[in-house]
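S.K.: I am sharing protein.cif, which consists of mmCIF, C-alpha atoms (C1' of nucleotides):
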data_protein
#
loop_
_atom_site.label_atom_id
_atom_site.label_comp_id
_atom_site.auth_asym_id
_atom_site.auth_seq_id
_atom_site.Cartn_x
_atom_site.Cartn_y
_atom_site.Cartn_z
CA MET A 161 -1.26 -36.59 165.54
CA ALA A 162 0.82 -39.77 165.69
CA ALA A 163 3.29 -38.27 163.22
CA ALA A 164 3.43 -35.01 165.19
CA GLU A 165 3.99 -36.93 168.41
CA ARG A 166 6.90 -38.83 166.92
CA CYS A 167 8.50 -35.80 165.28
CA PHE A 168 8.17 -33.61 168.37
CA ALA A 169 9.66 -36.36 170.53
CA GLU A 170 12.61 -36.99 168.23
CA SER A 171 13.59 -33.44 167.34
CA GLY A 172 11.85 -31.22 169.87
CA PHE A 173 8.99 -28.80 169.25
CA ASP A 174 11.12 -26.14 167.59
CA GLY A 175 13.39 -28.67 165.97
CA VAL A 176 10.80 -29.94 163.55
CA SER A 177 8.77 -28.16 160.90
CA LEU A 178 5.10 -28.57 160.18
CA ARG A 179 6.19 -29.61 156.72
CA ALA A 180 8.21 -32.52 158.11
CA ILE A 181 5.22 -33.59 160.17
CA THR A 182 2.69 -33.38 157.36
CA ASP A 183 5.08 -35.17 155.01
CA ALA A 184 5.47 -37.97 157.55
CA ALA A 185 1.72 -38.18 157.90
CA GLY A 186 1.19 -38.05 154.16
CA VAL A 187 -1.21 -35.12 154.36
CA ASP A 188 -1.24 -31.56 153.20
CA LEU A 189 0.50 -28.81 155.14
CA ALA A 190 -2.56 -26.59 155.39
CA LEU A 191 -4.60 -29.24 157.18
CA VAL A 192 -2.74 -28.56 160.41
CA ASN A 193 -4.04 -25.04 160.48
CA TYR A 194 -7.50 -26.08 159.43
CA HIS A 195 -7.98 -28.80 162.04
CA PHE A 196 -5.83 -27.59 164.94
CA GLY A 197 -5.24 -23.90 164.36
CA GLY A 198 -1.47 -23.71 164.45
CA LYS A 199 1.59 -25.57 165.64
CA ASP A 200 1.14 -24.62 169.31
CA ASN A 201 -2.36 -26.01 169.42
CA LEU A 202 -1.28 -29.18 167.68
CA LEU A 203 1.22 -29.74 170.49
CA ARG A 204 -1.41 -28.96 173.10
CA GLU A 205 -3.80 -31.53 171.69
CA VAL A 206 -1.10 -34.15 171.25
CA ILE A 207 -0.25 -33.80 174.93
CA ALA A 208 -3.78 -33.49 176.25
CA ARG A 209 -5.00 -36.65 174.53
CA ARG A 210 -2.79 -39.03 176.50
CA ALA A 211 -2.53 -36.89 179.62
CA ARG A 212 -6.25 -37.35 180.19
CA ILE A 213 -5.93 -41.12 180.06
CA VAL A 214 -2.98 -41.15 182.46
CA HIS A 215 -4.61 -38.74 184.88
CA GLU A 216 -7.70 -40.85 185.17
CA GLU A 217 -5.82 -44.08 185.71
CA ARG A 218 -3.57 -42.49 188.32
CA VAL A 219 -6.50 -41.20 190.31
CA ARG A 220 -8.16 -44.60 190.06
CA ALA A 221 -4.97 -46.38 191.20
CA LEU A 222 -4.67 -44.06 194.17
CA GLU A 223 -8.30 -44.74 195.02
CA VAL A 224 -7.61 -48.49 195.02
CA ALA A 225 -4.56 -47.97 197.25
CA ARG A 226 -6.70 -45.96 199.66
CA GLN A 227 -9.28 -48.69 199.88
CA GLU A 228 -6.63 -51.30 200.52
CA ALA A 229 -5.12 -49.18 203.28
CA GLY A 230 -8.45 -48.96 205.08
CA ALA A 231 -8.54 -46.35 207.81
CA CYS A 232 -4.93 -45.19 207.57
CA SER A 233 -3.10 -43.53 204.72
CA PRO A 234 -1.65 -45.70 201.94
CA SER A 235 2.10 -46.26 202.19
CA VAL A 236 4.50 -43.99 200.36
CA GLU A 237 5.33 -46.94 198.08
CA ALA A 238 1.69 -47.40 197.18
CA ILE A 239 1.28 -43.70 196.34
CA VAL A 240 4.46 -43.58 194.29
CA SER A 241 3.45 -46.71 192.41
CA ALA A 242 -0.03 -45.36 191.75
CA PHE A 243 1.64 -42.33 190.20
CA LEU A 244 4.36 -44.03 188.19
CA GLU A 245 2.82 -47.23 186.92
CA PRO A 246 -0.10 -45.92 184.88
CA LEU A 247 2.34 -44.00 182.70
CA LEU A 248 5.49 -46.10 182.77
CA ARG A 249 3.74 -49.42 182.19
CA ARG A 250 2.26 -48.05 178.99
CA LEU A 251 5.71 -47.26 177.64
CA LEU A 252 6.28 -51.02 177.60
CA GLY A 253 3.31 -51.81 175.40
CA GLY A 254 3.27 -52.19 171.66
CA ASP A 255 2.19 -48.65 170.85
CA PRO A 256 5.31 -46.55 170.16
CA GLY A 257 3.13 -43.47 170.53
CA TRP A 258 3.36 -43.82 174.30
CA ARG A 259 7.14 -43.85 174.23
CA HIS A 260 7.10 -40.71 172.10
CA TYR A 261 4.66 -39.13 174.50
CA GLY A 262 6.99 -39.93 177.39
CA SER A 263 9.96 -38.41 175.65
CA LEU A 264 7.95 -35.35 174.69
CA ILE A 265 6.66 -34.74 178.21
CA SER A 266 10.23 -35.02 179.46
CA GLN A 267 11.38 -32.33 177.09
CA LEU A 268 8.54 -29.92 177.75
CA ASP A 269 8.79 -30.37 181.49
CA VAL A 270 12.17 -28.74 181.53
CA LEU A 271 11.58 -25.85 179.08
CA PRO A 272 10.65 -22.50 180.64
CA LYS A 273 8.78 -21.60 177.43
CA PHE A 274 6.22 -24.34 178.00
CA VAL A 275 5.52 -24.17 181.74
CA GLU A 276 2.10 -22.80 181.10
CA LEU A 277 1.16 -25.65 178.80
CA THR A 278 2.56 -28.38 181.02
CA SER A 279 1.11 -26.82 184.15
CA ASP A 280 -2.36 -26.60 182.64
CA VAL A 281 -2.27 -30.27 181.78
CA LEU A 282 -0.33 -31.79 184.65
CA ASP A 283 -0.99 -29.67 187.75
CA PRO A 284 -4.32 -31.26 188.70
CA THR A 285 -2.65 -34.66 188.94
CA ALA A 286 0.30 -33.15 190.75
CA LEU A 287 -1.77 -31.49 193.44
CA HIS A 288 -3.82 -34.64 193.92
CA PHE A 289 -0.70 -36.70 194.65
CA ILE A 290 1.07 -34.02 196.66
CA ASN A 291 -1.91 -34.05 198.93
CA ALA A 292 -1.76 -37.84 199.27
CA LEU A 293 1.95 -37.61 200.09
CA ARG A 294 1.29 -34.99 202.73
CA LEU A 295 -1.03 -37.39 204.52
CA ALA A 296 1.42 -40.26 204.21
CA LEU A 297 4.29 -38.13 205.55
CA PRO A 298 2.71 -36.10 208.33
CA LYS A 299 6.03 -35.13 209.88
CA ALA A 300 7.51 -33.69 206.70
CA PRO A 301 7.30 -29.89 206.32
CA PRO A 302 5.17 -28.74 203.38
CA GLU A 303 8.11 -27.28 201.42
CA ALA A 304 9.85 -30.64 201.64
CA ILE A 305 6.86 -32.37 200.06
CA TYR A 306 6.83 -29.98 197.12
CA TRP A 307 10.54 -30.41 196.53
CA GLY A 308 10.17 -34.15 196.93
CA TYR A 309 7.49 -34.17 194.26
CA MET A 310 9.84 -32.29 191.93
CA PHE A 311 12.54 -34.89 192.52
CA LEU A 312 10.04 -37.64 191.86
CA ILE A 313 9.13 -36.02 188.54
CA GLY A 314 12.79 -35.51 187.72
CA SER A 315 13.67 -39.16 188.26
CA MET A 316 10.69 -40.30 186.24
CA VAL A 317 11.49 -37.88 183.42
CA GLN A 318 14.98 -39.26 183.26
CA VAL A 319 13.56 -42.72 182.65
CA MET A 320 10.99 -41.56 180.09
CA SER A 321 13.37 -39.45 178.07
CA ALA A 322 15.12 -42.64 176.95
CA THR A 323 18.04 -40.84 175.39
CA GLY A 324 20.33 -43.86 175.46
CA ARG A 325 22.60 -42.18 177.97
CA ILE A 326 22.49 -45.10 180.41
CA GLU A 327 23.61 -47.52 177.70
CA ARG A 328 26.70 -45.42 177.14
CA LEU A 329 27.46 -45.08 180.83
CA SER A 330 26.89 -48.73 181.70
CA ARG A 331 28.41 -50.02 178.46
CA GLY A 332 25.18 -51.83 177.64
CA LEU A 333 24.50 -53.29 181.08
CA CYS A 334 21.37 -51.19 181.48
CA ARG A 335 19.01 -50.24 178.66
CA SER A 336 16.93 -47.08 178.30
CA GLY A 337 13.99 -49.10 177.10
CA ASP A 338 13.97 -51.41 180.10
CA ILE A 339 11.20 -49.62 181.92
CA GLU A 340 10.45 -52.73 183.93
CA GLY A 341 13.98 -52.71 185.34
CA ALA A 342 13.94 -48.97 185.91
CA LEU A 343 10.65 -49.16 187.75
CA ARG A 344 12.06 -51.86 190.04
CA GLU A 345 14.74 -49.39 191.17
CA LEU A 346 12.69 -46.23 190.89
CA VAL A 347 9.91 -46.97 193.36
CA PRO A 348 12.21 -47.88 196.30
CA PHE A 349 14.56 -45.02 195.44
CA ILE A 350 11.86 -42.38 195.49
CA SER A 351 10.00 -43.84 198.46
CA ALA A 352 13.13 -43.91 200.59
CA GLY A 353 14.03 -40.40 199.44
CA LEU A 354 10.62 -39.04 200.34
CA ARG A 355 10.66 -40.69 203.75
CA ALA A 356 14.05 -39.13 204.43
CA LEU A 357 12.50 -35.68 204.02
CA GLN A 358 10.47 -36.27 207.13
CA SER A 359 13.22 -37.34 209.49
CA ARG A 360 15.22 -34.13 209.31
CA ARG A 361 15.13 -30.66 210.87
CA SER A 362 12.11 -28.76 212.24
CA MET B 286 28.82 -16.49 174.31
CA ALA B 287 26.97 -14.96 177.24
CA ALA B 288 24.17 -13.89 174.91
CA ALA B 289 24.03 -17.34 173.32
CA GLU B 290 23.93 -18.97 176.72
CA ARG B 291 21.01 -16.86 177.80
CA CYS B 292 19.05 -17.27 174.57
CA PHE B 293 19.58 -21.03 174.42
CA ALA B 294 18.48 -21.37 178.04
CA GLU B 295 15.35 -19.29 177.61
CA SER B 296 14.04 -20.62 174.31
CA GLY B 297 15.94 -23.83 173.66
CA PHE B 298 18.56 -24.48 171.02
CA ASP B 299 16.14 -24.66 168.11
CA GLY B 300 13.89 -22.02 169.59
CA VAL B 301 16.28 -19.11 168.99
CA SER B 302 17.82 -17.77 165.88
CA LEU B 303 21.41 -16.77 165.45
CA ARG B 304 19.97 -13.36 164.61
CA ALA B 305 18.38 -13.07 168.03
CA ILE B 306 21.67 -14.02 169.63
CA THR B 307 23.83 -11.65 167.62
CA ASP B 308 21.34 -8.83 168.14
CA ALA B 309 21.46 -9.40 171.88
CA ALA B 310 25.23 -9.41 171.74
CA GLY B 311 25.33 -6.34 169.50
CA VAL B 312 27.48 -8.03 166.87
CA ASP B 313 27.03 -9.04 163.28
CA LEU B 314 25.25 -12.25 162.39
CA ALA B 315 28.06 -13.61 160.27
CA LEU B 316 30.62 -13.41 163.06
CA VAL B 317 29.19 -16.53 164.64
CA ASN B 318 30.18 -18.54 161.65
CA TYR B 319 33.60 -16.97 161.49
CA HIS B 320 34.53 -17.51 165.14
CA PHE B 321 32.69 -20.72 166.01
CA GLY B 322 31.84 -22.40 162.75
CA GLY B 323 28.08 -22.72 163.03
CA LYS B 324 25.30 -22.85 165.58
CA ASP B 325 26.13 -26.40 166.74
CA ASN B 326 29.70 -25.55 167.58
CA LEU B 327 28.64 -22.39 169.37
CA LEU B 328 26.50 -24.55 171.63
CA ARG B 329 29.32 -27.02 172.16
CA GLU B 330 31.72 -24.28 173.24
CA VAL B 331 29.14 -22.60 175.46
CA ILE B 332 28.66 -25.90 177.29
CA ALA B 333 32.28 -26.99 177.39
CA ARG B 334 33.48 -23.74 178.92
CA ARG B 335 31.62 -24.16 182.21
CA ALA B 336 31.57 -27.95 182.19
CA ARG B 337 35.35 -27.98 182.51
CA ILE B 338 35.21 -25.78 185.60
CA VAL B 339 32.52 -27.90 187.23
CA HIS B 340 34.24 -31.17 186.43
CA GLU B 341 37.47 -30.08 188.05
CA GLU B 342 35.82 -28.80 191.17
CA ARG B 343 33.74 -31.95 191.52
CA VAL B 344 36.79 -34.17 191.28
CA ARG B 345 38.59 -31.98 193.79
CA ALA B 346 35.63 -32.07 196.20
CA LEU B 347 35.51 -35.85 195.97
CA GLU B 348 39.24 -35.99 196.67
CA VAL B 349 38.74 -33.92 199.81
CA ALA B 350 35.91 -36.21 200.93
CA ARG B 351 38.16 -39.21 200.40
CA GLN B 352 40.90 -37.73 202.52
CA GLU B 353 38.46 -36.91 205.29
CA ALA B 354 37.13 -40.46 205.22
CA GLY B 355 40.60 -41.90 205.70
CA ALA B 356 40.81 -45.63 205.07
CA CYS B 357 37.14 -46.27 204.34
CA SER B 358 34.94 -44.93 201.55
CA PRO B 359 33.34 -41.51 201.96
CA SER B 360 29.66 -41.58 202.93
CA VAL B 361 26.98 -41.47 200.27
CA GLU B 362 26.09 -37.97 201.51
CA ALA B 363 29.65 -36.79 201.03
CA ILE B 364 29.79 -38.15 197.48
CA VAL B 365 26.41 -36.69 196.56
CA SER B 366 27.40 -33.33 198.00
CA ALA B 367 30.71 -33.37 196.16
CA PHE B 368 28.74 -33.88 192.98
CA LEU B 369 25.93 -31.40 193.53
CA GLU B 370 27.50 -28.48 195.33
CA PRO B 371 30.14 -27.38 192.83
CA LEU B 372 27.40 -26.78 190.29
CA LEU B 373 24.39 -25.83 192.36
CA ARG B 374 26.24 -23.39 194.63
CA ARG B 375 27.33 -21.45 191.58
CA LEU B 376 23.73 -20.94 190.51
CA LEU B 377 23.36 -18.85 193.66
CA GLY B 378 26.14 -16.40 192.81
CA GLY B 379 25.84 -13.09 191.05
CA ASP B 380 26.63 -14.37 187.56
CA PRO B 381 23.35 -15.14 185.77
CA GLY B 382 25.38 -17.07 183.21
CA TRP B 383 25.55 -19.98 185.61
CA ARG B 384 21.79 -20.11 185.97
CA HIS B 385 21.43 -20.11 182.21
CA TYR B 386 24.01 -22.85 181.97
CA GLY B 387 22.04 -24.92 184.45
CA SER B 388 18.82 -24.50 182.53
CA LEU B 389 20.56 -25.29 179.27
CA ILE B 390 22.16 -28.47 180.58
CA SER B 391 18.75 -29.55 181.85
CA GLN B 392 17.22 -29.16 178.42
CA LEU B 393 19.99 -30.89 176.51
CA ASP B 394 20.14 -33.75 178.97
CA VAL B 395 16.69 -34.86 177.97
CA LEU B 396 16.87 -34.41 174.17
CA PRO B 397 17.79 -37.53 172.16
CA LYS B 398 19.26 -35.27 169.47
CA PHE B 399 22.00 -34.08 171.80
CA VAL B 400 23.07 -37.24 173.65
CA GLU B 401 26.34 -37.28 171.82
CA LEU B 402 27.19 -33.74 172.82
CA THR B 403 26.16 -34.14 176.44
CA SER B 404 27.85 -37.53 176.74
CA ASP B 405 31.13 -36.22 175.39
CA VAL B 406 31.14 -33.45 177.94
CA LEU B 407 29.59 -35.10 180.98
CA ASP B 408 30.44 -38.80 180.88
CA PRO B 409 33.94 -38.53 182.39
CA THR B 410 32.47 -36.91 185.51
CA ALA B 411 29.64 -39.41 185.55
CA LEU B 412 31.89 -42.46 185.47
CA HIS B 413 34.12 -40.98 188.15
CA PHE B 414 31.22 -40.59 190.55
CA ILE B 415 29.50 -43.83 189.64
CA ASN B 416 32.69 -45.55 190.65
CA ALA B 417 32.77 -43.72 193.96
CA LEU B 418 29.16 -44.71 194.60
CA ARG B 419 29.93 -48.34 193.86
CA LEU B 420 32.54 -48.33 196.61
CA ALA B 421 30.22 -46.58 199.02
CA LEU B 422 27.39 -49.02 198.29
CA PRO B 423 29.13 -52.38 198.02
CA LYS B 424 25.92 -54.37 198.40
CA ALA B 425 24.06 -52.63 195.58
CA PRO B 426 24.05 -54.45 192.22
CA PRO B 427 25.82 -52.55 189.43
CA GLU B 428 22.62 -51.91 187.42
CA ALA B 429 21.09 -50.30 190.49
CA ILE B 430 24.01 -47.87 190.75
CA TYR B 431 23.62 -46.79 187.13
CA TRP B 432 19.90 -46.24 187.52
CA GLY B 433 20.51 -44.46 190.80
CA TYR B 434 22.91 -42.12 189.07
CA MET B 435 20.25 -41.35 186.45
CA PHE B 436 17.73 -40.54 189.19
CA LEU B 437 20.32 -38.30 190.86
CA ILE B 438 20.80 -36.44 187.59
CA GLY B 439 17.05 -36.22 187.08
CA SER B 440 16.41 -34.68 190.48
CA MET B 441 19.25 -32.22 190.00
CA VAL B 442 18.04 -31.29 186.52
CA GLN B 443 14.61 -30.56 187.90
CA VAL B 444 16.15 -28.04 190.29
CA MET B 445 18.40 -26.44 187.68
CA SER B 446 15.72 -26.08 185.04
CA ALA B 447 14.05 -23.47 187.23
CA THR B 448 10.89 -23.32 185.17
CA GLY B 449 8.79 -21.80 187.93
CA ARG B 450 6.68 -24.94 188.16
CA ILE B 451 7.19 -25.31 191.91
CA GLU B 452 5.94 -21.77 192.51
CA ARG B 453 2.72 -22.66 190.77
CA LEU B 454 2.29 -25.92 192.61
CA SER B 455 3.13 -24.57 196.04
CA ARG B 456 1.38 -21.24 195.45
CA GLY B 457 4.61 -19.38 196.18
CA LEU B 458 5.69 -21.36 199.22
CA CYS B 459 8.74 -22.73 197.40
CA ARG B 460 10.74 -20.80 194.82
CA SER B 461 12.60 -22.18 191.82
CA GLY B 462 15.52 -19.88 192.52
CA ASP B 463 15.95 -21.07 196.10
CA ILE B 464 18.81 -23.44 195.36
CA GLU B 465 19.92 -23.30 198.98
CA GLY B 466 16.55 -24.68 200.09
CA ALA B 467 16.44 -27.24 197.31
CA LEU B 468 19.90 -28.48 198.16
CA ARG B 469 18.86 -28.93 201.78
CA GLU B 470 16.18 -31.39 200.64
CA LEU B 471 18.03 -32.82 197.67
CA VAL B 472 21.07 -34.30 199.40
CA PRO B 473 19.12 -36.35 201.98
CA PHE B 474 16.55 -37.36 199.37
CA ILE B 475 19.11 -38.74 196.97
CA SER B 476 21.32 -40.27 199.64
CA ALA B 477 18.43 -42.16 201.18
CA GLY B 478 17.25 -43.21 197.74
CA LEU B 479 20.66 -44.56 196.78
CA ARG B 480 21.02 -46.44 200.04
CA ALA B 481 17.64 -48.07 199.48
CA LEU B 482 18.96 -49.57 196.24
CA GLN B 483 21.30 -51.69 198.27
CA SER B 484 18.86 -53.17 200.74
CA ARG B 485 16.68 -54.94 198.21
CA ARG B 486 16.75 -58.15 196.17
CA SER B 487 19.80 -60.18 195.05
"C1'" DG C 28 -17.44 -29.14 155.14
"C1'" DT C 29 -12.74 -31.00 153.72
"C1'" DC C 30 -8.91 -30.91 151.37
"C1'" DT C 31 -5.17 -29.08 147.89
"C1'" DA C 32 -2.12 -25.85 145.89
"C1'" DT C 33 0.19 -21.93 146.33
"C1'" DA C 34 1.39 -17.26 147.85
"C1'" DC C 35 3.19 -14.40 151.66
"C1'" DC C 36 6.40 -12.58 154.64
"C1'" DG C 37 9.75 -13.13 158.12
"C1'" DT C 38 13.88 -15.62 159.42
"C1'" DG C 39 17.56 -19.49 158.85
"C1'" DA C 40 22.52 -19.91 157.92
"C1'" DT C 41 26.15 -19.00 154.82
"C1'" DA C 42 29.19 -17.44 150.88
"C1'" DG C 43 31.53 -13.97 149.03
"C1'" DA C 44 32.57 -8.96 148.61
"C1'" DC C 45 34.82 -5.33 151.11
"C1'" DG D 74 38.05 -9.23 160.50
"C1'" DT D 75 33.50 -7.33 159.19
"C1'" DC D 76 29.29 -6.65 156.71
"C1'" DT D 77 26.05 -7.29 152.58
"C1'" DA D 78 23.51 -10.28 149.55
"C1'" DT D 79 21.53 -14.45 148.95
"C1'" DC D 80 18.55 -18.39 148.97
"C1'" DA D 81 16.25 -22.18 151.30
"C1'" DC D 82 13.03 -22.83 154.69
"C1'" DG D 83 9.91 -21.53 158.74
"C1'" DG D 84 4.71 -20.85 160.02
"C1'" DT D 85 0.50 -18.88 158.46
"C1'" DA D 86 -3.24 -17.26 155.28
"C1'" DT D 87 -6.04 -17.69 151.27
"C1'" DA D 88 -8.27 -19.15 146.93
"C1'" DG D 89 -10.51 -22.51 144.95
"C1'" DA D 90 -11.34 -27.75 143.88
"C1'" DC D 91 -13.93 -31.66 145.42
#
Could you show the structure in this file as structure tokens?
M.R.:
Amino acid sequence: MAAAERCFAESGFDGVSLRAITDAAGVDLALVNYHFGGKDNLLREVIARRARIVHEERVRALEVARQEAGACSPSVEAIVSAFLEPLLRRLLGGDPGWRHYGSLISQLDVLPKFVELTSDVLDPTALHFINALRLALPKAPPEAIYWGYMFLIGSMVQVMSATGRIERLSRGLCRSGDIEGALRELVPFISAGLRALQSRRS
Amino acid sequence: MAAAERCFAESGFDGVSLRAITDAAGVDLALVNYHFGGKDNLLREVIARRARIVHEERVRALEVARQEAGACSPSVEAIVSAFLEPLLRRLLGGDPGWRHYGSLISQLDVLPKFVELTSDVLDPTALHFINALRLALPKAPPEAIYWGYMFLIGSMVQVMSATGRIERLSRGLCRSGDIEGALRELVPFISAGLRALQSRRS
DNA sequence: GTCTATACCGTGATAGAC
DNA sequence: GTCTATCACGGTATAGAC
């Protein structure tokens, strides 16, 4: 699964063959079918494994934020942080698997072919946090919250994809791998953006 | 090229075969090689064709904004609009090719394999607008501007990818194809986000 | 029950004939 | 400028060894 994760992240789902994956893992080709039942299911399991961990920690972080806020709703910043940090902080750790997972999620998120897969895995978390945002932004119309959540995902995906684009643009001033630095800009950016959705139109 | 554009957008670059493309176009498989010189170059030309148009209109729109602003810098909103509208407004028109182009750009933007291609085509525009943003946000540190630009791209990509995710999340309240509605939320979201980058830390 | 080797059949891109 | 023939490679299925 680690090999699959890395290969999928580097070359994309269709860009890599099962043979390349099994070679990298040092196992026989047929084992994929025996243990997972096909390439699609291998992807599904690769995703689901880490998604579960992230989902649980996000919900827990939001719970903590709620307790700290007492009677009122947690701040937008607290909600955004509870969403972003459980995933992004892991990309900093020693396990490269998490970075591959981040890159992979970024790719799948944007492919029409895989909406069903990504929705199955990610929608529960999404709805949980959309609901929290609705309470934190009572004056924002519902459509605005949904779009705002999409923008939040989009900004996060851009960080996780770590394509090296920002190195090129900034001539090395910023680095794709500097999640810490990205997070420092990302939370205020998104929070201010979301708040702006509430101060406009009917 | 129209067939290639559509196929690439729907299934991803590695997800479609040249056969599928040539069948859709009603031409012979080998013609691709003759006219374009391989699958990679076909992609490059498909992208470059529309990228040129968008680049020119973006630069022109920014020029107009500059003239309207007179001596001072155009507002963040004006810059963001000059960047987003030339592309996003076209996705509304009758030509489905533009929607496919949008989806395709979204996919490539996030794939490490294609950074070189996307950078070649998109970096000139990027640097042009990053510079404009620097002037509009004099108090923001340079790194913040680069990250902010990435978040801007990320939010836009999320809209262009049009995967149908937002329909699922909002149970039909928002629609992926409603670029007009997305744009109405997107410009204030990004503008407020960018401005927030300037009011923090050293 | 697990794993290996290999066969199958469709499709990949291209080179060379027309 | 167009089409046919080719060959390597794709995912999947199976037969049999451990």
S.K.: Here's the selection I'm unsure about, the PyMOL selection byres ((chain C and resi 28-36) around 12); applied to the file above, which residues does it give, as a VMD selection string?
M.R.: (chain A and resid 187 to 195) or (chain C and resid 37 to 38) or (chain D and resid 83 to 91)
S.K.: Emit the selected residues as a PDB file, keeping the file's coordinate frame, including C-alpha atoms (C1' of nucleotides).
M.R.:
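Now in result-v3.pdb:
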ATOM      1  CA  VAL A 187      -1.210 -35.120 154.360  1.00  0.00           C
ATOM      2  CA  ASP A 188      -1.240 -31.560 153.200  1.00  0.00           C
ATOM      3  CA  LEU A 189       0.500 -28.810 155.140  1.00  0.00           C
ATOM      4  CA  ALA A 190      -2.560 -26.590 155.390  1.00  0.00           C
ATOM      5  CA  LEU A 191      -4.600 -29.240 157.180  1.00  0.00           C
ATOM      6  CA  VAL A 192      -2.740 -28.560 160.410  1.00  0.00           C
ATOM      7  CA  ASN A 193      -4.040 -25.040 160.480  1.00  0.00           C
ATOM      8  CA  TYR A 194      -7.500 -26.080 159.430  1.00  0.00           C
ATOM      9  CA  HIS A 195      -7.980 -28.800 162.040  1.00  0.00           C
TER      10      HIS A 195
ATOM     11  C1'  DG C  37       9.750 -13.130 158.120  1.00  0.00           C
ATOM     12  C1'  DT C  38      13.880 -15.620 159.420  1.00  0.00           C
TER      13       DT C  38
ATOM     14  C1'  DG D  83       9.910 -21.530 158.740  1.00  0.00           C
ATOM     15  C1'  DG D  84       4.710 -20.850 160.020  1.00  0.00           C
ATOM     16  C1'  DT D  85       0.500 -18.880 158.460  1.00  0.00           C
ATOM     17  C1'  DA D  86      -3.240 -17.260 155.280  1.00  0.00           C
ATOM     18  C1'  DT D  87      -6.040 -17.690 151.270  1.00  0.00           C
ATOM     19  C1'  DA D  88      -8.270 -19.150 146.930  1.00  0.00           C
ATOM     20  C1'  DG D  89     -10.510 -22.510 144.950  1.00  0.00           C
ATOM     21  C1'  DA D  90     -11.340 -27.750 143.880  1.00  0.00           C
ATOM     22  C1'  DC D  91     -13.930 -31.660 145.420  1.00  0.00           C
TER      23       DC D  91
END
S.K.: Once you count only C-alpha atoms (C1' of nucleotides), which residues of chain A turn out to be within 8 Å of chain D? Could you give them as a list of chain:residue names?
M.R.: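 On the chain A side, the interface is A:Ser177, A:Leu178, A:Asn193, A:Gly198, A:Lys199.
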S.K.: Give me, as a Markdown table, each residue of chain A that comes within 7 Å of chain B, together with its shortest interatomic pair and the distance in Å at one decimal, counting all atoms listed in the file, with rows ordered by chain and rising residue number.
M.R.:
| residue | atom | partner | partner_atom | distance |
| --- | --- | --- | --- | --- |
| A:Glu170 | CA | B:Pro397 | CA | 6.5 |
| A:Ser171 | CA | B:Lys398 | CA | 6.3 |
| A:Asp174 | CA | B:Asp299 | CA | 5.3 |
| A:Gly175 | CA | B:Asp299 | CA | 5.3 |
| A:Ser266 | CA | B:Val395 | CA | 6.6 |
| A:Gln267 | CA | B:Val395 | CA | 5.9 |
| A:Val270 | CA | B:Ser446 | CA | 5.7 |
| A:Leu271 | CA | B:Gln392 | CA | 6.6 |
| A:Pro272 | CA | B:Thr448 | CA | 4.6 |
| A:Lys273 | CA | B:Ser296 | CA | 6.2 |
| A:Val275 | CA | B:Thr448 | CA | 6.4 |
| A:Asp283 | CA | B:Leu454 | CA | 7.0 |
| A:Leu287 | CA | B:Leu454 | CA | 6.9 |
| A:Glu303 | CA | B:Cys459 | CA | 6.1 |
| A:Ala304 | CA | B:Glu470 | CA | 6.5 |
| A:Tyr306 | CA | B:Ser455 | CA | 6.6 |
| A:Trp307 | CA | B:Ala467 | CA | 6.7 |
| A:Met310 | CA | B:Gln443 | CA | 6.5 |
| A:Phe311 | CA | B:Ser440 | CA | 4.4 |
| A:Gly314 | CA | B:Gly439 | CA | 4.4 |
| A:Ser315 | CA | B:Phe436 | CA | 4.4 |
| A:Val317 | CA | B:Gly439 | CA | 6.9 |
| A:Gln318 | CA | B:Gly439 | CA | 5.3 |
| A:Ser321 | CA | B:Val395 | CA | 5.7 |
| A:Thr323 | CA | B:Pro397 | CA | 4.6 |
| A:Arg325 | CA | B:Val400 | CA | 6.6 |
| A:Leu329 | CA | B:Leu412 | CA | 6.9 |
| A:Ser330 | CA | B:Tyr431 | CA | 6.6 |
| A:Leu333 | CA | B:Glu428 | CA | 6.8 |
| A:Cys334 | CA | B:Glu428 | CA | 6.1 |
| A:Ala342 | CA | B:Trp432 | CA | 6.8 |
| A:Glu345 | CA | B:Ala429 | CA | 6.5 |
| A:Pro348 | CA | B:Ala481 | CA | 6.3 |
| A:Phe349 | CA | B:Gly478 | CA | 4.0 |
| A:Ile350 | CA | B:Gly478 | CA | 5.9 |
| A:Ala352 | CA | B:Gly478 | CA | 5.1 |
| A:Gly353 | CA | B:Phe474 | CA | 3.9 |
| A:Leu354 | CA | B:Phe474 | CA | 6.2 |
| A:Ala356 | CA | B:Phe474 | CA | 5.9 |
| A:Leu357 | CA | B:Phe474 | CA | 6.4 |
S.K.: Name every residue that the PyMOL selection byres ((chain A and resi 248) around 10) selects in this structure, writing the answer as an MDAnalysis selection string with chains first and numbers rising.
M.R.: chainID A and resid 214 241 243:247 249:253 258:259 262 316 319:320 339:340 342:343
S.K.: Once the PyMOL selection byres ((chain C) within 9 of (chain B)) has been evaluated on this model, what residues remain selected, and can you format them as a list in words?
M.R.: DT38, DG39, DA40 and DT41 of chain C
S.K.: May I ask for the distance between atom CA of Glu205 of chain A and atom CA of Ala162 of chain A, given in Å to one decimal place?
M.R.: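 A separation of 11.2 Å between them.
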S.K.: Provide the atom CA of Arg291 of chain B to atom CA of Phe321 of chain B distance in Å, to one decimal place.
M.R.: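 That distance, rounded to one decimal, is 17.0 Å.
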S.K.: Atom CA of Leu222 of chain A to atom CA of Pro256 of chain A: how many Å, to one decimal?
M.R.: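 Distance reported for this atom pair: 26.1 Å.
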